[in-house]
Amino acid sequence: MSLERLKEIARDENIPIVSDEGLKLIHQIIIKHQVQTVLEIGTAIGYSALAMASFGCHVDTFERNEQMIEQASKHFDRFDAEKRIRLIPFDALTYTGELKMYDMIFIDAAKAQYERFFEKFQHYLKPNGVIVCDNLRFHDLDPQNVNRHTKQLLRKISGFKSFLKNHPDYITIFDERGDGMSITMRHHT
Ligand SMILES: C[S@@+](CC[C@H](N)C(=O)[O-])C[C@H]1O[C@@H](n2cnc3c(N)ncnc32)[C@H](O)[C@@H]1O
């Protein structure tokens, strides 16, 4: 089994994972910022965590869904030969256990909660670290043509983008690649 096989499993089981383009961008960020440690919010079946481990990073990754935890653990046991990944099987928002300080935080979980994830986990970012969020274009859905729930989600995502743009402590670049990603770093005055 390989990362390609994991991608197929995700496709067959309709599990959303980072796009090829998105992963390429993450790889570039990891190289540019010399990222060695990553905190990921949203493991799913472990695809992006294993990919980042294959780029040489140590990854701590949160997942709250029992079935995903089971699948990801299986995949990590099989592929993470160098034990670079730690699965944290908890809801990231209520978790009160120990965490390290990270070079990169990758937010790829419940879209409606991005601001809360950001607020909570920014405290675990090293001074020159970078926060990356996925799916900010959210499949380019048209707010006029979606149900009420999705409309609300689109509004939340749009609110989160404004939050990033207007944040006094951070500077953010929005990259249209993949499903839209934000790349955020601290202002250094
Ligand atoms: C888009 S998938 C992650 C995909 C993965 N990063 C990849 O690219 O391979 C989002 C995952 O986040 C998990 N999730 C959502 N909210 C969460 C939370 N508050 N704490 C932990 N996991 C969460 C979901 O159960 C789901 O499996």
# chains A, B, ... in the order shown; residues from 1 in each chain; ligands from 1
call {"tool": "select_by_dssp", "arguments": {"residues": "region 41-158 of chain A", "states": "strand (DSSP E or B)", "output": "list in words"}}
result
Ile41, His58, Val59, Asp60, Thr61, Phe62, Ile85, Arg86, Leu87, Ile88, Tyr102, Asp103, Met104, Ile105, Phe106, Ile107, Leu125, Lys126, Pro127, Asn128, Gly129, Val130, Ile131, Val132 and Cys133 of chain A
call {"tool": "residues_near_ligand", "arguments": {"ligand": "ligand 1", "cutoff": "8 Å", "atoms": "only C-alpha atoms and all ligand atoms", "output": "ChimeraX atom specification"}}
result
/A:15-19,40-49,62-65,68,89-94,107-111,113,117
call {"tool": "closest_residue", "arguments": {"among": "A:His167, A:Arg86, A:His187, A:Arg137", "to": "Gly22 (chain A)", "atoms": "only C-alpha atoms"}}
result
A:Arg137
call {"tool": "closest_atom_pairs", "arguments": {"of": "region 54-104 of chain A", "to": "region 118-129 of chain A", "cutoff": "12 Å", "atoms": "only C-alpha atoms", "output": "tab-separated table"}}
result
residue	atom	partner	partner_atom	distance
A:Asp60	CA	A:Tyr124	CA	11.9
A:Phe62	CA	A:Phe121	CA	11.8
A:Ala92	CA	A:Lys120	CA	9.1
A:Leu93	CA	A:Lys120	CA	7.6
A:Thr94	CA	A:Lys120	CA	10.0
A:Tyr95	CA	A:Lys120	CA	10.3
A:Thr96	CA	A:Lys120	CA	10.7
A:Glu98	CA	A:Tyr124	CA	10.4
A:Leu99	CA	A:Tyr124	CA	7.4
A:Lys100	CA	A:Tyr124	CA	6.6
A:Met101	CA	A:Tyr124	CA	4.7
A:Tyr102	CA	A:Leu125	CA	5.1
A:Asp103	CA	A:Gly129	CA	4.4
A:Met104	CA	A:Gly129	CA	5.5
call {"tool": "select_by_dssp", "arguments": {"residues": "region 5-162 of chain A", "states": "helix (DSSP H, G or I)", "output": "ChimeraX atom specification"}}
result
/A:5-12,20-32,47-54,66-79,111-124,138-140,143-145,148-162
call {"tool": "write_last_selection", "arguments": {"atoms": "C-alpha atoms", "output": "PDB file, in the first residue's frame"}}
result
ATOM      1  CA  ARG A   5      -3.578   3.678  -2.528  1.00  0.00           C
ATOM      2  CA  LEU A   6      -4.724   5.814   0.417  1.00  0.00           C
ATOM      3  CA  LYS A   7      -5.880   8.425  -2.054  1.00  0.00           C
ATOM      4  CA  GLU A   8      -7.951   5.784  -3.849  1.00  0.00           C
ATOM      5  CA  ILE A   9      -9.489   4.605  -0.573  1.00  0.00           C
ATOM      6  CA  ALA A  10     -10.433   8.205   0.254  1.00  0.00           C
ATOM      7  CA  ARG A  11     -11.973   8.635  -3.198  1.00  0.00           C
ATOM      8  CA  ASP A  12     -13.906   5.330  -2.981  1.00  0.00           C
ATOM      9  CA  ASP A  20      -2.740  17.185  -5.140  1.00  0.00           C
ATOM     10  CA  GLU A  21      -2.223  20.888  -5.782  1.00  0.00           C
ATOM     11  CA  GLY A  22      -2.838  21.690  -2.121  1.00  0.00           C
ATOM     12  CA  LEU A  23      -0.318  19.086  -1.040  1.00  0.00           C
ATOM     13  CA  LYS A  24       2.243  20.456  -3.483  1.00  0.00           C
ATOM     14  CA  LEU A  25       1.778  23.891  -1.948  1.00  0.00           C
ATOM     15  CA  ILE A  26       2.189  22.439   1.553  1.00  0.00           C
ATOM     16  CA  HIS A  27       5.394  20.765   0.427  1.00  0.00           C
ATOM     17  CA  GLN A  28       6.708  24.107  -0.870  1.00  0.00           C
ATOM     18  CA  ILE A  29       5.801  25.810   2.421  1.00  0.00           C
ATOM     19  CA  ILE A  30       7.574  23.047   4.379  1.00  0.00           C
ATOM     20  CA  ILE A  31      10.743  23.556   2.345  1.00  0.00           C
ATOM     21  CA  LYS A  32      10.605  27.368   2.331  1.00  0.00           C
ATOM     22  CA  TYR A  47      -3.284  10.801   4.066  1.00  0.00           C
ATOM     23  CA  SER A  48      -1.945  14.335   4.583  1.00  0.00           C
ATOM     24  CA  ALA A  49      -0.172  13.373   7.841  1.00  0.00           C
ATOM     25  CA  LEU A  50       1.656  10.536   6.089  1.00  0.00           C
ATOM     26  CA  ALA A  51       2.490  12.798   3.165  1.00  0.00           C
ATOM     27  CA  MET A  52       3.958  15.459   5.505  1.00  0.00           C
ATOM     28  CA  ALA A  53       5.895  12.733   7.371  1.00  0.00           C
ATOM     29  CA  SER A  54       7.277  11.612   4.011  1.00  0.00           C
ATOM     30  CA  GLU A  66     -14.025   6.927  15.862  1.00  0.00           C
ATOM     31  CA  GLN A  67     -14.010   5.306  12.432  1.00  0.00           C
ATOM     32  CA  MET A  68     -11.389   7.695  11.111  1.00  0.00           C
ATOM     33  CA  ILE A  69      -9.252   7.126  14.226  1.00  0.00           C
ATOM     34  CA  GLU A  70      -9.391   3.395  13.617  1.00  0.00           C
ATOM     35  CA  GLN A  71      -8.453   3.691   9.939  1.00  0.00           C
ATOM     36  CA  ALA A  72      -5.736   6.279  10.499  1.00  0.00           C
ATOM     37  CA  SER A  73      -4.146   4.196  13.309  1.00  0.00           C
ATOM     38  CA  LYS A  74      -4.051   1.207  10.983  1.00  0.00           C
ATOM     39  CA  HIS A  75      -2.395   3.263   8.251  1.00  0.00           C
ATOM     40  CA  PHE A  76       0.121   4.832  10.636  1.00  0.00           C
ATOM     41  CA  ASP A  77       1.061   1.395  12.025  1.00  0.00           C
ATOM     42  CA  ARG A  78       1.666   0.197   8.501  1.00  0.00           C
ATOM     43  CA  PHE A  79       3.377   3.185   6.876  1.00  0.00           C
ATOM     44  CA  LYS A 111     -14.952  24.416   8.324  1.00  0.00           C
ATOM     45  CA  ALA A 112     -17.438  26.276  10.525  1.00  0.00           C
ATOM     46  CA  GLN A 113     -14.946  26.176  13.410  1.00  0.00           C
ATOM     47  CA  TYR A 114     -11.852  27.590  11.726  1.00  0.00           C
ATOM     48  CA  GLU A 115     -11.778  30.759  13.772  1.00  0.00           C
ATOM     49  CA  ARG A 116     -12.003  28.757  16.996  1.00  0.00           C
ATOM     50  CA  PHE A 117      -9.213  26.427  15.896  1.00  0.00           C
ATOM     51  CA  PHE A 118      -7.088  29.420  14.965  1.00  0.00           C
ATOM     52  CA  GLU A 119      -7.718  31.207  18.285  1.00  0.00           C
ATOM     53  CA  LYS A 120      -6.899  28.106  20.300  1.00  0.00           C
ATOM     54  CA  PHE A 121      -3.867  26.769  18.464  1.00  0.00           C
ATOM     55  CA  GLN A 122      -2.069  30.019  17.589  1.00  0.00           C
ATOM     56  CA  HIS A 123      -0.568  29.750  21.069  1.00  0.00           C
ATOM     57  CA  TYR A 124       1.305  26.629  19.969  1.00  0.00           C
ATOM     58  CA  PHE A 138     -14.952  25.500  -0.549  1.00  0.00           C
ATOM     59  CA  HIS A 139     -15.380  23.957  -4.007  1.00  0.00           C
ATOM     60  CA  ASP A 140     -16.354  27.379  -5.399  1.00  0.00           C
ATOM     61  CA  PRO A 143     -24.193  30.798  -2.285  1.00  0.00           C
ATOM     62  CA  GLN A 144     -27.313  31.341  -4.436  1.00  0.00           C
ATOM     63  CA  ASN A 145     -27.486  27.653  -5.370  1.00  0.00           C
ATOM     64  CA  ARG A 148     -29.402  26.769   4.021  1.00  0.00           C
ATOM     65  CA  HIS A 149     -26.797  24.771   5.914  1.00  0.00           C
ATOM     66  CA  THR A 150     -24.175  25.195   3.175  1.00  0.00           C
ATOM     67  CA  LYS A 151     -25.045  28.859   2.821  1.00  0.00           C
ATOM     68  CA  GLN A 152     -24.333  29.277   6.528  1.00  0.00           C
ATOM     69  CA  LEU A 153     -21.026  27.453   6.118  1.00  0.00           C
ATOM     70  CA  LEU A 154     -20.021  29.688   3.209  1.00  0.00           C
ATOM     71  CA  ARG A 155     -20.832  32.708   5.350  1.00  0.00           C
ATOM     72  CA  LYS A 156     -18.625  31.308   8.148  1.00  0.00           C
ATOM     73  CA  ILE A 157     -15.728  30.727   5.755  1.00  0.00           C
ATOM     74  CA  SER A 158     -16.084  34.213   4.368  1.00  0.00           C
ATOM     75  CA  GLY A 159     -16.135  35.578   7.939  1.00  0.00           C
ATOM     76  CA  PHE A 160     -12.973  33.619   8.714  1.00  0.00           C
ATOM     77  CA  LYS A 161     -11.211  35.119   5.689  1.00  0.00           C
ATOM     78  CA  SER A 162     -12.092  38.619   6.900  1.00  0.00           C
TER      79      SER A 162
END
